[in-house]
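Only one structure is covered here, and it is reproduced in the block below.
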Amino acid sequence: MTIEDDRGQDHSHGRSHEHGEMSELSDTQLRVRSLETVLAEKGYVDSAALDVIVEAYETRIGPQNGQRVIARAWADPDFRAALLDDASAAVNTMGNVSDVGSHLIAVENTPEQHNMIVCTLCSCYPWEVLGLPPTWYKSVPYRSRAVLEPRAVLSKFGVTLPEETEIRVWDSTAETRYIVLPIRPEGTDGWSEEQLASLVIRNSMIGTGLAQRPGEAKGDS
Amino acid sequence: MSNTIHDMGGMHGFGPVEEEPNEPVFHTSWESRVYAMNRAMGPLRLWTIDEGRAAQEALHPAVYAGASYYQRWLLGLEARALQHGLVTKEELAEGKALVANDRPNRIFKPEDAANLTRGSFDRDPQGEAIFKPGDQVQTLNINPAGHTRLPRYARDKPGEVEAVRGCHVFPDSVANGKGDDPQWLYTVVFDGQVLWGPDAEPGTKISIEAFEPYLEAL
């Protein structure tokens, strides 16, 4: 097993990883290529279909879907109620968001309760509305810490909430999938859904962040 | 397997949570191929999602901890492809098909990727739900050798049923090749202090999604 040899590959970014990919094939790359070739030759996968799956997650299935859902919930009280009642059904009424399957659940942040999502057993995450999870969400530190010391984890993300605000951690141990409905920032009266969506950072829908305030620089997450 | 490293809620020693600025969806092209192969193989119904999880849980803990996320997906997929006889070790070593095979009944085609929505895990119930929101329950103290979705930190603990989520495929059965055996699924919430004692942070609650066989009435 030479899996450890390739760990750096995963955490390399930008130019260094492009260079690494061009200059040599790692053990993991070779294994992946070998598996795909054999599965394709035996008729189990179609490499062209793999290309389309990758493209879908690199382009259309990402947090922009969740941002539109949250913005609609902030702008439309009826939609907010429908989302909290049955998030899968509510999201599927939206024309500008790709369809989602069953078992999506939205949980609403309030001054009394802040919600935060984790999967301690693997990496369950609402792919359809948030895309694929960031590495930290799938990492051992997050999976081990989130249920034990959520306030400490939140502070690592720059989120400090008053003691009176209860922290509620949702461990996704089944096929239900959770998305957090963050608190609508003040100073956004009369904003369009498009304007509101720009404040919904990904982490605010996982619960490790808050929606941004008007004028706050948009972070990458 | 249940009591192994994947069940890591509450463990110490893994360092701080580190966020990567401007993280791409995939860091390398092989990560994207591993992900896509797993997605494309799912609809062939050669195995279930829980069998996929169980394949990763069966990795040696040192391998699990040392591998990156998509390396684990690769190892899990290799293991299932070998177990189900789709490929041989020699073929993987050579990087080409060596053994003739019957073609699978279906294959995931490019046009199928237009719809990547999840399937439903709801199944017809085998009986009425025993619990309702507000009920006080105790999780069982179980330590099965096979796959389970009851994490160690939430075993043998009192909690409250908050919601009934439907009647779903039971992972403890289906991952072990014993069929769907549908069970009622509940959100059960625990006080932080119940789970972690005096080391709990103040004002915290933790919930799990608990299948009915994990619970007894209090």
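Scheme for the structure tokens: letters A, B, ... for chains in order shown; per-chain residue numbers from 1; ligand numbers from 1 in order shown.
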key: Interface, chain A side, toward chain B (7 Å; only C-alpha atoms) as a PyMOL selection string   = chain A and resi 3-4+7+10+13+29+32+34-35+37-38+41-46+48-50+52-54+58+99-102+120-122+128+132+136+140-145+147-149+163+166-174+220
Restricting the output to C-alpha atoms, write the selected residues as a PDB file, in the first residue's frame.
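This went into selection.pdb:
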ATOM      1  CA  ILE A   3      -1.371   5.439  -0.472  1.00  0.00           C
ATOM      2  CA  GLU A   4       0.585   7.656   1.923  1.00  0.00           C
ATOM      3  CA  ARG A   7      -1.109  12.466   0.140  1.00  0.00           C
ATOM      4  CA  ASP A  10      -4.330  16.003  -2.642  1.00  0.00           C
ATOM      5  CA  HIS A  13      -2.865  23.610  -5.256  1.00  0.00           C
ATOM      6  CA  GLN A  29      -3.163   8.373 -10.710  1.00  0.00           C
ATOM      7  CA  VAL A  32      -7.297   5.307 -11.025  1.00  0.00           C
ATOM      8  CA  SER A  34      -6.068   1.400 -14.528  1.00  0.00           C
ATOM      9  CA  LEU A  35      -9.425   0.946 -12.793  1.00  0.00           C
ATOM     10  CA  THR A  37      -9.650   1.501 -18.244  1.00  0.00           C
ATOM     11  CA  VAL A  38     -10.592  -1.977 -17.076  1.00  0.00           C
ATOM     12  CA  GLU A  41     -13.257  -2.124 -21.457  1.00  0.00           C
ATOM     13  CA  LYS A  42     -15.581  -4.500 -19.628  1.00  0.00           C
ATOM     14  CA  GLY A  43     -18.606  -2.283 -20.178  1.00  0.00           C
ATOM     15  CA  TYR A  44     -19.196  -1.037 -16.638  1.00  0.00           C
ATOM     16  CA  VAL A  45     -18.423   2.633 -17.190  1.00  0.00           C
ATOM     17  CA  ASP A  46     -18.576   4.937 -20.196  1.00  0.00           C
ATOM     18  CA  ALA A  48     -17.712  10.051 -21.828  1.00  0.00           C
ATOM     19  CA  ALA A  49     -20.387   9.811 -19.126  1.00  0.00           C
ATOM     20  CA  LEU A  50     -17.724  10.333 -16.462  1.00  0.00           C
ATOM     21  CA  VAL A  52     -20.295  14.799 -18.075  1.00  0.00           C
ATOM     22  CA  ILE A  53     -20.615  13.967 -14.359  1.00  0.00           C
ATOM     23  CA  VAL A  54     -17.416  15.856 -13.585  1.00  0.00           C
ATOM     24  CA  GLU A  58     -17.707  21.733 -11.682  1.00  0.00           C
ATOM     25  CA  ASP A  99     -34.062  19.318  -9.168  1.00  0.00           C
ATOM     26  CA  VAL A 100     -33.282  17.632  -5.877  1.00  0.00           C
ATOM     27  CA  GLY A 101     -34.210  14.166  -4.722  1.00  0.00           C
ATOM     28  CA  SER A 102     -35.915  13.126  -1.524  1.00  0.00           C
ATOM     29  CA  THR A 120     -19.284  12.007  11.768  1.00  0.00           C
ATOM     30  CA  LEU A 121     -19.489   8.565  10.110  1.00  0.00           C
ATOM     31  CA  CYS A 122     -18.614   9.519   6.520  1.00  0.00           C
ATOM     32  CA  GLU A 128     -27.754  18.812  -4.873  1.00  0.00           C
ATOM     33  CA  LEU A 132     -19.500  18.600  -3.348  1.00  0.00           C
ATOM     34  CA  TRP A 136     -12.500  20.524   5.711  1.00  0.00           C
ATOM     35  CA  VAL A 140     -11.096  13.993  10.383  1.00  0.00           C
ATOM     36  CA  PRO A 141     -10.709  17.149  12.523  1.00  0.00           C
ATOM     37  CA  TYR A 142     -14.178  18.438  11.603  1.00  0.00           C
ATOM     38  CA  ARG A 143     -15.865  15.049  11.837  1.00  0.00           C
ATOM     39  CA  SER A 144     -14.344  14.367  15.259  1.00  0.00           C
ATOM     40  CA  ARG A 145     -14.722  17.835  16.776  1.00  0.00           C
ATOM     41  CA  VAL A 147     -20.185  17.101  17.915  1.00  0.00           C
ATOM     42  CA  LEU A 148     -17.843  17.487  20.905  1.00  0.00           C
ATOM     43  CA  GLU A 149     -16.919  21.160  20.757  1.00  0.00           C
ATOM     44  CA  GLU A 163     -23.999  31.869  25.327  1.00  0.00           C
ATOM     45  CA  GLU A 166     -28.066  27.249  21.744  1.00  0.00           C
ATOM     46  CA  ILE A 167     -25.817  25.428  19.313  1.00  0.00           C
ATOM     47  CA  ARG A 168     -27.563  22.532  17.617  1.00  0.00           C
ATOM     48  CA  VAL A 169     -25.391  20.051  15.738  1.00  0.00           C
ATOM     49  CA  TRP A 170     -27.107  17.752  13.236  1.00  0.00           C
ATOM     50  CA  ASP A 171     -25.158  14.554  12.638  1.00  0.00           C
ATOM     51  CA  SER A 172     -26.234  13.216   9.224  1.00  0.00           C
ATOM     52  CA  THR A 173     -26.267   9.531  10.124  1.00  0.00           C
ATOM     53  CA  ALA A 174     -28.940   8.488   7.587  1.00  0.00           C
ATOM     54  CA  ASP A 220     -14.488  32.520  -1.168  1.00  0.00           C
TER      55      ASP A 220
END
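Backbone DSSP over region 27-220 of chain A gives strand (DSSP E) for Leu104, Ile105, Ala106, Val107, Glu108, Gln113, His114, Asn115, Met116, Ile117, Val118, Glu166, Ile167, Arg168, Val169, Trp170, Asp171, Arg177, Tyr178, Ile179, Val180 and Leu181 of chain A.
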Keeping only C-alpha atoms, write those residues as a compact mmCIF listing (two decimals), in the first residue's frame.
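Written file, again.txt:
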# COMPACT_ATOMS: atom_id res chain seq x y z
CA LEU A 104 -33.73 17.32 2.00
CA ILE A 105 -34.42 19.14 5.27
CA ALA A 106 -33.93 22.85 5.97
CA VAL A 107 -33.26 24.01 9.53
CA GLU A 108 -33.65 27.65 10.43
CA GLN A 113 -30.75 28.41 18.04
CA HIS A 114 -27.81 28.15 15.66
CA ASN A 115 -27.66 25.03 13.49
CA MET A 116 -24.56 23.28 12.21
CA ILE A 117 -24.30 20.19 9.99
CA VAL A 118 -21.78 17.34 10.17
CA GLU A 166 -28.07 27.25 21.74
CA ILE A 167 -25.82 25.43 19.31
CA ARG A 168 -27.56 22.53 17.62
CA VAL A 169 -25.39 20.05 15.74
CA TRP A 170 -27.11 17.75 13.24
CA ASP A 171 -25.16 14.55 12.64
CA ARG A 177 -29.67 15.74 4.16
CA TYR A 178 -29.60 19.09 5.92
CA ILE A 179 -29.21 22.69 4.77
CA VAL A 180 -29.12 25.61 7.18
CA LEU A 181 -31.37 28.62 6.57
Spatial neighbours of region 62-64 of chain A, 8 Å, only C-alpha atoms, chain gap at least 6 places, as an MDAnalysis selection string = chainID A and resid 127:132 202
Would you write out those residues with C-alpha atoms, as an mmCIF file, in the first residue's frame?
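And here's out_7.cif as it stands now:
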data_model
loop_
_atom_site.group_PDB
_atom_site.id
_atom_site.type_symbol
_atom_site.label_atom_id
_atom_site.label_comp_id
_atom_site.auth_asym_id
_atom_site.auth_seq_id
_atom_site.Cartn_x
_atom_site.Cartn_y
_atom_site.Cartn_z
ATOM 1 C CA TRP A 127 -24.767 17.695 -2.835
ATOM 2 C CA GLU A 128 -27.754 18.812 -4.873
ATOM 3 C CA VAL A 129 -27.993 22.242 -3.271
ATOM 4 C CA LEU A 130 -24.398 22.816 -2.132
ATOM 5 C CA GLY A 131 -22.328 20.769 -4.586
ATOM 6 C CA LEU A 132 -19.500 18.600 -3.348
ATOM 7 C CA ARG A 202 -21.539 28.414 1.419
#
query = For Glu212 (chain B), which of B:Gln138, B:Asn176, B:Asn143, B:Asn3 is the closest residue, counting only C-alpha atoms?
reply =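 The shortest atom-to-atom distance to Glu212 (chain B) comes from B:Gln138.
CA of Glu162 (chain B) lies 7.8 Å from CA of Lys132 (chain B).
Using only C-alpha atoms, the nearest neighbour of Asp172 (chain B) within the list B:Thr48, B:Gln126, B:Gly159, B:Thr4 is B:Thr48.
Residues lying within 10 Å of Glu186 (chain A), counting only C-alpha atoms and ignoring same-chain neighbours fewer than 3 positions away, are A:Ile183, A:Asp189, A:Gln212, A:Arg213, A:Pro214.
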request  = Find the residues around Val91 (chain A) up to 10 Å (only C-alpha atoms counted), leave out those fewer than 5 positions away in its own chain, and share them as a ChimeraX atom specification.
outcome  = /A:65-66,68-70,72,79,82-83,86,96-101,104,129
So that I have them on file, write out the residues from the current selection with N, CA and C atoms, as a CSV table (one decimal), in the first residue's frame.
chain,number,residue,atom,x,y,z
A,65,ASN,N,-26.8,27.0,-6.2
A,65,ASN,CA,-28.2,26.5,-6.0
A,65,ASN,C,-28.8,26.8,-4.6
A,66,GLY,N,-28.0,26.5,-3.6
A,66,GLY,CA,-28.4,26.8,-2.2
A,66,GLY,C,-28.6,28.3,-2.0
A,68,ARG,N,-29.6,30.5,-4.1
A,68,ARG,CA,-30.9,30.9,-4.6
A,68,ARG,C,-32.1,30.5,-3.7
A,69,VAL,N,-31.9,29.3,-3.2
A,69,VAL,CA,-33.0,28.8,-2.3
A,69,VAL,C,-33.1,29.6,-1.0
A,70,ILE,N,-31.9,30.0,-0.4
A,70,ILE,CA,-32.0,30.8,0.8
A,70,ILE,C,-32.5,32.2,0.5
A,72,ARG,N,-34.6,33.1,-1.8
A,72,ARG,CA,-36.0,33.0,-2.0
A,72,ARG,C,-36.7,32.9,-0.7
A,79,PHE,N,-42.7,30.8,0.7
A,79,PHE,CA,-41.7,29.8,0.3
A,79,PHE,C,-40.9,29.4,1.5
A,82,ALA,N,-42.8,26.8,3.2
A,82,ALA,CA,-42.8,25.5,2.4
A,82,ALA,C,-41.4,24.8,2.5
A,83,LEU,N,-40.4,25.6,2.5
A,83,LEU,CA,-39.0,25.0,2.6
A,83,LEU,C,-38.8,24.3,4.0
A,86,ASP,N,-41.1,21.0,3.8
A,86,ASP,CA,-40.6,19.9,3.0
A,86,ASP,C,-39.6,20.5,2.0
A,96,ASN,N,-35.0,28.0,-11.3
A,96,ASN,CA,-33.6,28.3,-11.6
A,96,ASN,C,-32.7,27.4,-10.7
A,97,VAL,N,-33.2,26.3,-10.2
A,97,VAL,CA,-32.3,25.4,-9.4
A,97,VAL,C,-32.6,24.0,-9.9
A,98,SER,N,-31.5,23.3,-10.1
A,98,SER,CA,-31.7,21.9,-10.6
A,98,SER,C,-32.5,21.1,-9.6
A,99,ASP,N,-33.2,20.1,-10.0
A,99,ASP,CA,-34.1,19.3,-9.2
A,99,ASP,C,-33.3,18.6,-8.1
A,100,VAL,N,-33.9,18.4,-6.9
A,100,VAL,CA,-33.3,17.6,-5.9
A,100,VAL,C,-34.1,16.4,-5.6
A,101,GLY,N,-33.5,15.4,-5.1
A,101,GLY,CA,-34.2,14.2,-4.7
A,101,GLY,C,-34.9,14.3,-3.4
A,104,LEU,N,-34.4,16.1,1.6
A,104,LEU,CA,-33.7,17.3,2.0
A,104,LEU,C,-34.5,18.0,3.1
A,129,VAL,N,-27.9,20.8,-3.5
A,129,VAL,CA,-28.0,22.2,-3.3
A,129,VAL,C,-26.7,22.9,-2.9
ask   = From the list A:Glu164, A:Asp76, A:Glu216, A:Asp27, which residue is nearest Ala90 (chain A) when using only C-alpha atoms?
value =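 Ranking A:Glu164, A:Asp76, A:Glu216, A:Asp27 by distance to Ala90 (chain A), first place goes to A:Asp76.
For region 137-213 of chain B, backbone-based DSSP labels the following residues as alpha helix (DSSP H): Pro171, Asp172, Ser173, Val174, Gly192, Gln193, Val194, Leu195 and Trp196 of chain B.
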Create the file for the chosen residues now, containing N, CA and C atoms and written as a compact mmCIF listing (two decimals), in the first residue's frame.
# COMPACT_ATOMS: atom_id res chain seq x y z
N PRO B 171 -29.78 0.50 6.99
CA PRO B 171 -28.39 0.23 6.60
C PRO B 171 -27.81 -1.02 7.25
N ASP B 172 -28.17 -1.26 8.50
CA ASP B 172 -27.59 -2.40 9.23
C ASP B 172 -27.96 -3.73 8.57
N SER B 173 -29.07 -3.71 7.82
CA SER B 173 -29.48 -4.91 7.11
C SER B 173 -28.92 -4.94 5.70
N VAL B 174 -29.16 -3.87 4.96
CA VAL B 174 -28.85 -3.89 3.53
C VAL B 174 -27.34 -3.97 3.28
N GLY B 192 -25.82 18.14 25.18
CA GLY B 192 -24.37 17.97 25.14
C GLY B 192 -23.85 17.30 26.41
N GLN B 193 -24.40 17.68 27.55
CA GLN B 193 -23.91 17.12 28.83
C GLN B 193 -24.21 15.63 28.95
N VAL B 194 -25.30 15.19 28.33
CA VAL B 194 -25.62 13.76 28.37
C VAL B 194 -24.57 12.96 27.60
N LEU B 195 -24.09 13.54 26.51
CA LEU B 195 -23.10 12.83 25.70
C LEU B 195 -21.69 12.96 26.25
N TRP B 196 -21.35 14.14 26.74
CA TRP B 196 -19.94 14.43 27.05
C TRP B 196 -19.69 14.75 28.52
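For the atom pair formed by CA of Leu59 (chain B) and CA of Pro133 (chain A), the distance is 22.1 Å, given to one decimal.
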task = Determine the nearest neighbour of Leu140 (chain B) from the options B:Pro158, B:Gly177, B:Pro125, B:Gly85, counting only C-alpha atoms.
result = B:Pro158
